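Q: Here you go, this is structure-v4.txt (compact mmCIF, C-alpha atoms and all ligand atoms).
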# COMPACT_ATOMS: atom_id res chain seq x y z
CA MET O 10 12.42 -14.06 13.96
CA HIS O 11 11.68 -14.18 17.65
CA TYR O 12 8.24 -15.57 18.56
CA ARG O 13 7.21 -12.30 20.25
CA ALA O 14 8.23 -10.28 17.22
CA ILE O 15 6.17 -12.53 14.98
CA VAL O 16 3.10 -12.12 17.20
CA ALA O 17 3.63 -8.35 17.40
CA ASN O 18 3.89 -8.13 13.61
CA LEU O 19 0.80 -10.24 13.18
CA LEU O 20 -1.17 -8.09 15.61
CA ARG O 21 -0.01 -4.94 13.86
CA PHE O 22 -1.10 -6.39 10.52
CA ILE O 23 -4.56 -7.28 11.91
CA ARG O 24 -4.93 -3.86 13.53
CA GLU O 25 -3.94 -2.00 10.38
CA THR O 26 -6.19 -4.12 8.18
CA MET O 27 -9.09 -3.42 10.51
CA MET O 28 -8.30 0.28 10.35
CA ARG O 29 -9.40 0.31 6.73
CA GLN O 30 -13.02 1.27 7.20
CA PRO O 31 -14.82 0.36 3.97
CA LEU O 32 -15.88 3.24 1.78
CA VAL O 33 -18.68 3.24 -0.75
CA LEU O 34 -18.56 6.19 -3.10
CA GLY O 35 -21.21 6.99 -5.68
CA ASN O 36 -20.12 8.58 -8.94
CA TRP O 37 -23.08 10.15 -10.68
CA LYS O 38 -20.94 11.20 -13.67
CA MET O 39 -22.79 13.71 -15.88
CA ASN O 40 -26.27 12.68 -14.73
CA GLY O 41 -28.95 14.23 -12.60
CA SER O 42 -31.03 17.33 -12.13
CA ILE O 43 -31.74 19.55 -9.15
CA ALA O 44 -34.89 17.55 -8.41
CA LEU O 45 -33.16 14.18 -8.76
CA ALA O 46 -30.21 15.26 -6.65
CA SER O 47 -32.38 16.14 -3.68
CA GLU O 48 -34.71 13.19 -4.08
CA LEU O 49 -31.93 10.61 -4.46
CA ILE O 50 -29.82 11.92 -1.61
CA GLN O 51 -32.82 12.09 0.69
CA SER O 52 -33.79 8.50 -0.16
CA ILE O 53 -30.25 7.26 0.43
CA GLY O 54 -29.98 9.22 3.67
CA ALA O 55 -33.28 7.79 4.92
CA GLY O 56 -32.16 4.25 4.11
CA ILE O 57 -28.88 4.32 6.00
CA ASP O 58 -29.08 2.31 9.18
CA ASP O 59 -26.81 1.74 12.16
CA LYS O 60 -25.77 -1.67 10.93
CA MET O 61 -23.90 -0.15 8.00
CA SER O 62 -20.28 0.05 8.99
CA CYS O 63 -18.94 1.72 5.85
CA GLU O 64 -18.30 5.35 5.09
CA ILE O 65 -20.65 6.64 2.41
CA GLY O 66 -19.97 9.41 -0.08
CA ILE O 67 -21.50 10.68 -3.29
CA CYS O 68 -19.58 12.48 -6.02
CA VAL O 69 -22.03 14.70 -7.86
CA PRO O 70 -21.60 17.09 -10.81
CA PHE O 71 -20.27 20.50 -9.68
CA VAL O 72 -23.60 22.21 -10.31
CA TYR O 73 -25.37 19.96 -7.79
CA LEU O 74 -22.85 20.31 -4.96
CA ASN O 75 -24.94 22.96 -3.28
CA VAL O 76 -28.19 21.07 -3.42
CA ALA O 77 -26.37 17.90 -2.37
CA ASN O 78 -24.99 19.72 0.65
CA LEU O 79 -28.43 20.88 1.72
CA ASN O 80 -29.77 17.35 1.47
CA VAL O 81 -27.01 15.52 3.33
CA GLN O 82 -27.59 17.57 6.48
CA GLY O 83 -28.10 15.23 9.41
CA SER O 84 -27.14 12.12 7.45
CA LYS O 85 -23.81 10.31 7.38
CA ILE O 86 -23.36 10.93 3.66
CA SER O 87 -20.39 13.03 2.62
CA ILE O 88 -20.12 14.85 -0.68
CA GLY O 89 -17.46 14.85 -3.35
CA ALA O 90 -16.65 16.19 -6.80
CA GLN O 91 -15.62 14.27 -9.90
CA THR O 92 -12.56 16.26 -10.88
CA VAL O 93 -10.73 19.46 -9.94
CA SER O 94 -8.46 21.96 -11.64
CA GLU O 95 -4.74 21.61 -11.00
CA TYR O 96 -4.47 25.41 -11.00
CA PRO O 97 -4.87 27.88 -8.16
CA PRO O 98 -7.82 30.32 -8.36
CA GLY O 99 -7.35 32.77 -11.21
CA ALA O 100 -7.87 33.24 -14.93
CA TYR O 101 -8.81 29.69 -15.95
CA THR O 102 -12.22 30.07 -17.56
CA GLY O 103 -14.54 27.17 -16.86
CA GLU O 104 -12.37 25.50 -14.25
CA ILE O 105 -13.20 24.69 -10.62
CA SER O 106 -10.47 24.99 -8.01
CA ALA O 107 -9.76 22.86 -4.95
CA GLU O 108 -10.43 25.97 -2.85
CA MET O 109 -13.94 26.15 -4.29
CA LEU O 110 -14.59 22.48 -3.57
CA SER O 111 -13.40 22.92 -0.05
CA ASP O 112 -15.65 25.98 0.32
CA LEU O 113 -18.54 23.78 -0.87
CA LYS O 114 -17.73 21.31 1.93
CA CYS O 115 -16.58 18.55 -0.36
CA LYS O 116 -14.78 15.74 1.34
CA TRP O 117 -13.83 13.70 -1.74
CA VAL O 118 -12.57 14.44 -5.20
CA LEU O 119 -12.18 11.82 -7.91
CA ILE O 120 -8.92 12.21 -9.77
CA GLY O 121 -7.92 10.44 -12.97
CA HIS O 122 -11.16 8.62 -13.63
CA SER O 123 -10.65 6.74 -16.90
CA GLU O 124 -13.27 8.93 -18.59
CA ARG O 125 -11.15 11.98 -17.70
CA ARG O 126 -8.01 10.27 -18.97
CA GLN O 127 -9.73 9.09 -22.15
CA TYR O 128 -11.92 12.03 -23.20
CA PHE O 129 -10.02 14.93 -21.65
CA ASN O 130 -6.48 13.62 -22.13
CA GLU O 131 -5.52 14.04 -18.50
CA THR O 132 -1.95 12.93 -17.98
CA ASP O 133 -0.29 11.22 -15.01
CA GLU O 134 1.76 14.38 -14.27
CA GLN O 135 -1.34 16.59 -14.35
CA LEU O 136 -3.19 14.15 -12.10
CA VAL O 137 -0.49 14.26 -9.46
CA LEU O 138 -0.78 18.06 -9.45
CA LYS O 139 -4.51 17.68 -8.90
CA VAL O 140 -3.83 15.37 -5.96
CA LYS O 141 -1.51 17.96 -4.43
CA VAL O 142 -3.83 20.95 -4.75
CA SER O 143 -6.67 18.83 -3.35
CA GLN O 144 -4.72 17.66 -0.34
CA LYS O 145 -3.58 21.20 0.31
CA GLU O 146 -7.23 22.21 0.66
CA GLY O 147 -8.06 19.30 2.94
CA LEU O 148 -9.92 17.25 0.32
CA THR O 149 -9.35 13.51 0.05
CA PRO O 150 -8.34 12.56 -3.49
CA VAL O 151 -9.66 9.28 -4.85
CA PHE O 152 -7.03 8.39 -7.41
CA CYS O 153 -8.37 6.10 -10.16
CA ILE O 154 -6.36 3.62 -12.19
CA GLY O 155 -7.14 0.70 -14.45
CA GLU O 156 -6.32 -1.01 -17.70
CA THR O 157 -8.28 -1.09 -20.96
CA GLU O 158 -9.63 -4.29 -22.49
CA LYS O 159 -6.80 -4.37 -25.03
CA GLU O 160 -4.18 -3.90 -22.33
CA ARG O 161 -5.66 -6.78 -20.34
CA GLN O 162 -5.72 -9.01 -23.41
CA ASP O 163 -2.08 -8.15 -24.01
CA ASN O 164 -1.27 -9.12 -20.40
CA LYS O 165 -0.30 -5.55 -19.59
CA THR O 166 -2.54 -4.99 -16.57
CA PHE O 167 0.25 -4.83 -13.99
CA GLU O 168 2.48 -2.76 -16.26
CA VAL O 169 -0.30 -0.20 -16.78
CA ILE O 170 -1.14 -0.05 -13.08
CA GLU O 171 2.51 0.48 -12.21
CA ARG O 172 2.88 3.22 -14.82
CA GLN O 173 -0.27 5.02 -13.65
CA LEU O 174 0.95 4.96 -10.05
CA LYS O 175 4.57 5.79 -10.74
CA GLU O 176 4.39 9.59 -10.44
CA LEU O 177 2.15 9.42 -7.42
CA LEU O 178 4.20 6.88 -5.50
CA SER O 179 7.50 8.57 -6.15
CA ASP O 180 6.38 12.07 -5.15
CA LYS O 181 7.47 12.60 -1.57
CA SER O 182 5.07 15.49 -1.04
CA ILE O 183 1.96 13.32 -1.40
CA ASP O 184 0.25 12.67 1.92
CA PHE O 185 -0.62 8.99 2.02
CA ASN O 186 -2.58 9.52 5.21
CA ASN O 187 -5.15 11.26 3.07
CA ILE O 188 -5.69 9.47 -0.20
CA VAL O 189 -7.82 6.62 -1.49
CA LEU O 190 -6.95 4.54 -4.55
CA ALA O 191 -9.58 3.10 -6.87
CA TYR O 192 -8.94 0.23 -9.24
CA GLU O 193 -11.37 0.49 -12.12
CA PRO O 194 -10.69 -1.75 -15.10
CA VAL O 195 -11.85 0.34 -18.05
CA TRP O 196 -13.51 -2.68 -19.70
CA ALA O 197 -15.71 -3.13 -16.63
CA ILE O 198 -16.96 0.46 -16.38
CA GLY O 199 -20.56 0.85 -17.42
CA THR O 200 -20.50 -2.43 -19.34
CA GLY O 201 -22.23 -4.73 -16.88
CA LEU O 202 -19.09 -6.88 -17.10
CA SER O 203 -17.58 -6.58 -13.66
CA ALA O 204 -14.20 -8.14 -12.92
CA THR O 205 -14.65 -11.37 -10.99
CA PRO O 206 -13.85 -11.04 -7.28
CA GLU O 207 -10.72 -13.13 -7.86
CA GLU O 208 -9.56 -11.02 -10.82
CA ALA O 209 -10.09 -7.83 -8.85
CA GLN O 210 -8.39 -9.19 -5.72
CA VAL O 211 -5.25 -10.11 -7.68
CA VAL O 212 -4.87 -6.54 -8.94
CA HIS O 213 -5.70 -5.03 -5.56
CA ALA O 214 -3.04 -7.19 -3.92
CA TYR O 215 -0.60 -6.07 -6.60
CA ILE O 216 -1.42 -2.42 -5.88
CA ARG O 217 -0.95 -2.97 -2.15
CA ASN O 218 2.38 -4.58 -2.90
CA LEU O 219 3.44 -1.53 -4.91
CA LEU O 220 2.46 0.63 -1.96
CA ALA O 221 4.54 -1.62 0.30
CA THR O 222 7.63 -1.04 -1.79
CA LYS O 223 7.20 2.75 -2.13
CA VAL O 224 5.39 3.87 1.01
CA PRO O 225 5.73 0.81 3.26
CA GLU O 226 4.19 2.32 6.35
CA LYS O 227 0.99 3.12 4.46
CA ALA O 228 0.50 -0.14 2.55
CA GLN O 229 -1.89 -1.65 5.08
CA THR O 230 -3.78 1.52 5.89
CA THR O 231 -4.50 2.90 2.41
CA ARG O 232 -7.95 2.05 1.13
CA ILE O 233 -8.23 0.60 -2.37
CA LEU O 234 -11.72 0.67 -3.85
CA TYR O 235 -12.94 -1.46 -6.71
CA GLY O 236 -15.08 0.12 -9.43
CA GLY O 237 -16.63 -1.21 -12.62
CA SER O 238 -20.19 -2.52 -12.87
CA VAL O 239 -20.61 -3.09 -9.15
CA ASN O 240 -24.29 -3.71 -8.45
CA ALA O 241 -26.58 -4.99 -5.72
CA GLY O 242 -26.05 -8.55 -6.92
CA ASN O 243 -22.26 -8.77 -7.15
CA ALA O 244 -21.26 -6.34 -4.38
CA GLN O 245 -21.09 -8.88 -1.58
CA THR O 246 -18.45 -11.17 -3.09
CA LEU O 247 -16.45 -8.31 -4.58
CA LEU O 248 -16.36 -6.25 -1.42
CA ASN O 249 -15.54 -9.29 0.71
CA GLN O 250 -12.12 -9.68 -0.85
CA GLN O 251 -9.21 -9.08 1.46
CA ASP O 252 -7.70 -6.13 -0.38
CA ILE O 253 -10.92 -4.54 -1.61
CA ASP O 254 -11.89 -1.79 0.81
CA GLY O 255 -15.11 -0.62 -0.76
CA GLY O 256 -16.51 0.40 -4.11
CA LEU O 257 -16.69 3.27 -6.56
CA ILE O 258 -20.18 2.95 -7.93
CA GLY O 259 -21.39 4.54 -11.16
CA GLY O 260 -24.70 3.35 -12.61
CA ALA O 261 -25.96 1.69 -9.43
CA SER O 262 -25.44 4.90 -7.43
CA LEU O 263 -28.32 6.47 -9.34
CA ASN O 264 -30.72 4.03 -7.72
CA ALA O 265 -31.16 4.50 -3.96
CA GLU O 266 -32.13 0.88 -3.23
CA ALA O 267 -29.24 -0.59 -5.23
CA PHE O 268 -26.75 1.84 -3.70
CA LEU O 269 -27.97 1.07 -0.17
CA THR O 270 -27.71 -2.67 -0.79
CA ILE O 271 -24.09 -2.19 -1.88
CA CYS O 272 -23.44 -0.17 1.29
CA ARG O 273 -24.88 -2.99 3.38
CA HIS O 274 -22.38 -5.41 1.84
CA ALA O 275 -19.35 -3.22 2.55
CA LYS O 276 -18.29 -4.57 5.93
P1 LIG M 301 -20.12 1.79 -13.26
O1 LIG M 301 -19.09 2.99 -13.18
O2 LIG M 301 -20.41 1.35 -11.86
O3 LIG M 301 -21.33 2.34 -13.96
O4 LIG M 301 -19.47 0.71 -14.05
C1 LIG M 301 -18.07 3.01 -12.24
C2 LIG M 301 -17.24 4.26 -12.39
O5 LIG M 301 -17.02 4.69 -13.52
O6 LIG M 301 -16.79 4.85 -11.40
Starting from the file, give its structure as structure tokens.
Ligand code: PGA
A:
Amino acid sequence: MHYRAIVANLLRFIRETMMRQPLVLGNWKMNGSIALASELIQSIGAGIDDKMSCEIGICVPFVYLNVANLNVQGSKISIGAQTVSEYPPGAYTGEISAEMLSDLKCKWVLIGHSERRQYFNETDEQLVLKVKVSQKEGLTPVFCIGETEKERQDNKTFEVIERQLKELLSDKSIDFNNIVLAYEPVWAIGTGLSATPEEAQVVHAYIRNLLATKVPEKAQTTRILYGGSVNAGNAQTLLNQQDIDGGLIGGASLNAEAFLTICRHAK
């Protein structure tokens, strides 16, 4: 390759890598109360300083979206939901549509969290539909993937990741300008047993490689978060890895100080 072409490619790579602003997203799961929601969001908002270069979001239970909205006013925190219906508004008792989330000023919506896959039997096909309805309403889906402990022991991590991404990566109507991926090894979620930075980086690089083969122009710009027992103590080394563009934080997002420390480490 010509010298100039090599330099141009290198510069493009550096530019695109730098375009991935880190994102730290809290996932409260089914926790909280009206009082806690306002208190926690206010404390986090008050603790954000100019030195934090990451984007910060919090995915709260549906019933606290309103109170969360009131309390993020004037702060740089954006709000998200933890799932969404794949159906349009209509006769689907108990469901929440993408239109409703958009109306509630959500920016993010988690899709395919392992707890949804495990306890609510959400399938890859259904999850891709959820991505589509969300994008249509201007929400940014955060598409979660990750292997179980057994799958890792059986050396099936890459196979599982590839299977979970297959539908998404082969669907031409998905807008890869507006999606975030999250690698969350199931064995690391809520267990205190985070993946090591090296273990996580290997899988993140694999995911980016898959992106490169299916949506090459978006491989360097798509953010891939790591989730699974990220805390104030391990965030720095995890979030410093080349292909880790931020964190999806469960337990530690319920503690303002811990969450803010993680945000500080996402550079
Ligand atoms: P955890 O959860 O940080 O409590 O492990 C992460 C998640 O489930 O998103």
Q: Using all atoms listed in the file, can you list as a PyMOL selection string the residues within 10 Å of (-26.0, 17.8, -5.2)?
A: chain O and resi 37+41-50+67-81+88-90
Q: Since we have the selection now, will you write its residues out, keeping C-alpha atoms, as a short mmCIF file (atom, residue, chain, number, x, y, z; two decimals), in the frame of the given file?
A:
data_model
loop_
_atom_site.label_atom_id
_atom_site.label_comp_id
_atom_site.auth_asym_id
_atom_site.auth_seq_id
_atom_site.Cartn_x
_atom_site.Cartn_y
_atom_site.Cartn_z
CA TRP O 37 -23.08 10.15 -10.68
CA GLY O 41 -28.95 14.23 -12.60
CA SER O 42 -31.03 17.33 -12.13
CA ILE O 43 -31.74 19.55 -9.15
CA ALA O 44 -34.89 17.55 -8.41
CA LEU O 45 -33.16 14.18 -8.76
CA ALA O 46 -30.21 15.26 -6.65
CA SER O 47 -32.38 16.14 -3.68
CA GLU O 48 -34.71 13.19 -4.08
CA LEU O 49 -31.93 10.61 -4.46
CA ILE O 50 -29.82 11.92 -1.61
CA ILE O 67 -21.50 10.68 -3.29
CA CYS O 68 -19.58 12.48 -6.02
CA VAL O 69 -22.03 14.70 -7.86
CA PRO O 70 -21.60 17.09 -10.81
CA PHE O 71 -20.27 20.50 -9.68
CA VAL O 72 -23.60 22.21 -10.31
CA TYR O 73 -25.37 19.96 -7.79
CA LEU O 74 -22.85 20.31 -4.96
CA ASN O 75 -24.94 22.96 -3.28
CA VAL O 76 -28.19 21.07 -3.42
CA ALA O 77 -26.37 17.90 -2.37
CA ASN O 78 -24.99 19.72 0.65
CA LEU O 79 -28.43 20.88 1.72
CA ASN O 80 -29.77 17.35 1.47
CA VAL O 81 -27.01 15.52 3.33
CA ILE O 88 -20.12 14.85 -0.68
CA GLY O 89 -17.46 14.85 -3.35
CA ALA O 90 -16.65 16.19 -6.80
#
Q: Output the neighbourhood of ligand LIG 301 (chain M) as a list in words, that is, all protein and nucleic acid residues with some atom at most 8 Å from the ligand, counting all atoms listed in the file.
A: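 Selection of residues at most 8 Å from ligand LIG 301 (chain M): Gly35, Asn36, Lys38, His122, Ser123, Glu124, Glu193, Ala197, Ile198, Gly199, Thr200, Gly201, Ser203, Gly236, Gly237, Ser238, Val239, Asn240, Leu257, Ile258, Gly259, Gly260, Ala261 and Ser262 of chain O.
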Q: Suppose we keep C-alpha atoms; can you now write the selection as a PDB file, in the coordinates of the input?
A:
ATOM      1  CA  GLY O  35     -21.210   6.990  -5.680  1.00  0.00           C
ATOM      2  CA  ASN O  36     -20.120   8.580  -8.940  1.00  0.00           C
ATOM      3  CA  LYS O  38     -20.940  11.200 -13.670  1.00  0.00           C
ATOM      4  CA  HIS O 122     -11.160   8.620 -13.630  1.00  0.00           C
ATOM      5  CA  SER O 123     -10.650   6.740 -16.900  1.00  0.00           C
ATOM      6  CA  GLU O 124     -13.270   8.930 -18.590  1.00  0.00           C
ATOM      7  CA  GLU O 193     -11.370   0.490 -12.120  1.00  0.00           C
ATOM      8  CA  ALA O 197     -15.710  -3.130 -16.630  1.00  0.00           C
ATOM      9  CA  ILE O 198     -16.960   0.460 -16.380  1.00  0.00           C
ATOM     10  CA  GLY O 199     -20.560   0.850 -17.420  1.00  0.00           C
ATOM     11  CA  THR O 200     -20.500  -2.430 -19.340  1.00  0.00           C
ATOM     12  CA  GLY O 201     -22.230  -4.730 -16.880  1.00  0.00           C
ATOM     13  CA  SER O 203     -17.580  -6.580 -13.660  1.00  0.00           C
ATOM     14  CA  GLY O 236     -15.080   0.120  -9.430  1.00  0.00           C
ATOM     15  CA  GLY O 237     -16.630  -1.210 -12.620  1.00  0.00           C
ATOM     16  CA  SER O 238     -20.190  -2.520 -12.870  1.00  0.00           C
ATOM     17  CA  VAL O 239     -20.610  -3.090  -9.150  1.00  0.00           C
ATOM     18  CA  ASN O 240     -24.290  -3.710  -8.450  1.00  0.00           C
ATOM     19  CA  LEU O 257     -16.690   3.270  -6.560  1.00  0.00           C
ATOM     20  CA  ILE O 258     -20.180   2.950  -7.930  1.00  0.00           C
ATOM     21  CA  GLY O 259     -21.390   4.540 -11.160  1.00  0.00           C
ATOM     22  CA  GLY O 260     -24.700   3.350 -12.610  1.00  0.00           C
ATOM     23  CA  ALA O 261     -25.960   1.690  -9.430  1.00  0.00           C
ATOM     24  CA  SER O 262     -25.440   4.900  -7.430  1.00  0.00           C
TER      25      SER O 262
END
Q: With only C-alpha atoms counted, which protein, DNA or RNA residues have an atom no more than 9 Å from (-3.1, 21.8, -7.6) in the file frame? Please answer as a ChimeraX atom specification.
A: /O:93-97,106-107,135-145
Q: Pick out the closest residue to Ser179 of chain O from this set: O:Ser111, O:Glu134, O:Pro150, O:Gly83. Count only C-alpha atoms.
A: O:Glu134
Q: Find the residue from O:Leu220, O:Leu248, O:Val169, O:Asp184 that sits nearest to Ala204 of chain O; use only C-alpha atoms when measuring.
A: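 Once distances to Ala204 of chain O are computed over only C-alpha atoms, the minimum belongs to O:Leu248.
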Q: Need the shell around Ile120 of chain O: protein/DNA/RNA residues with any atom at most 6 Å away, counting only C-alpha atoms. Skip same-chain ones fewer than 5 positions apart. Format as a list in words?
A: Thr92, Val151 and Phe152 of chain O
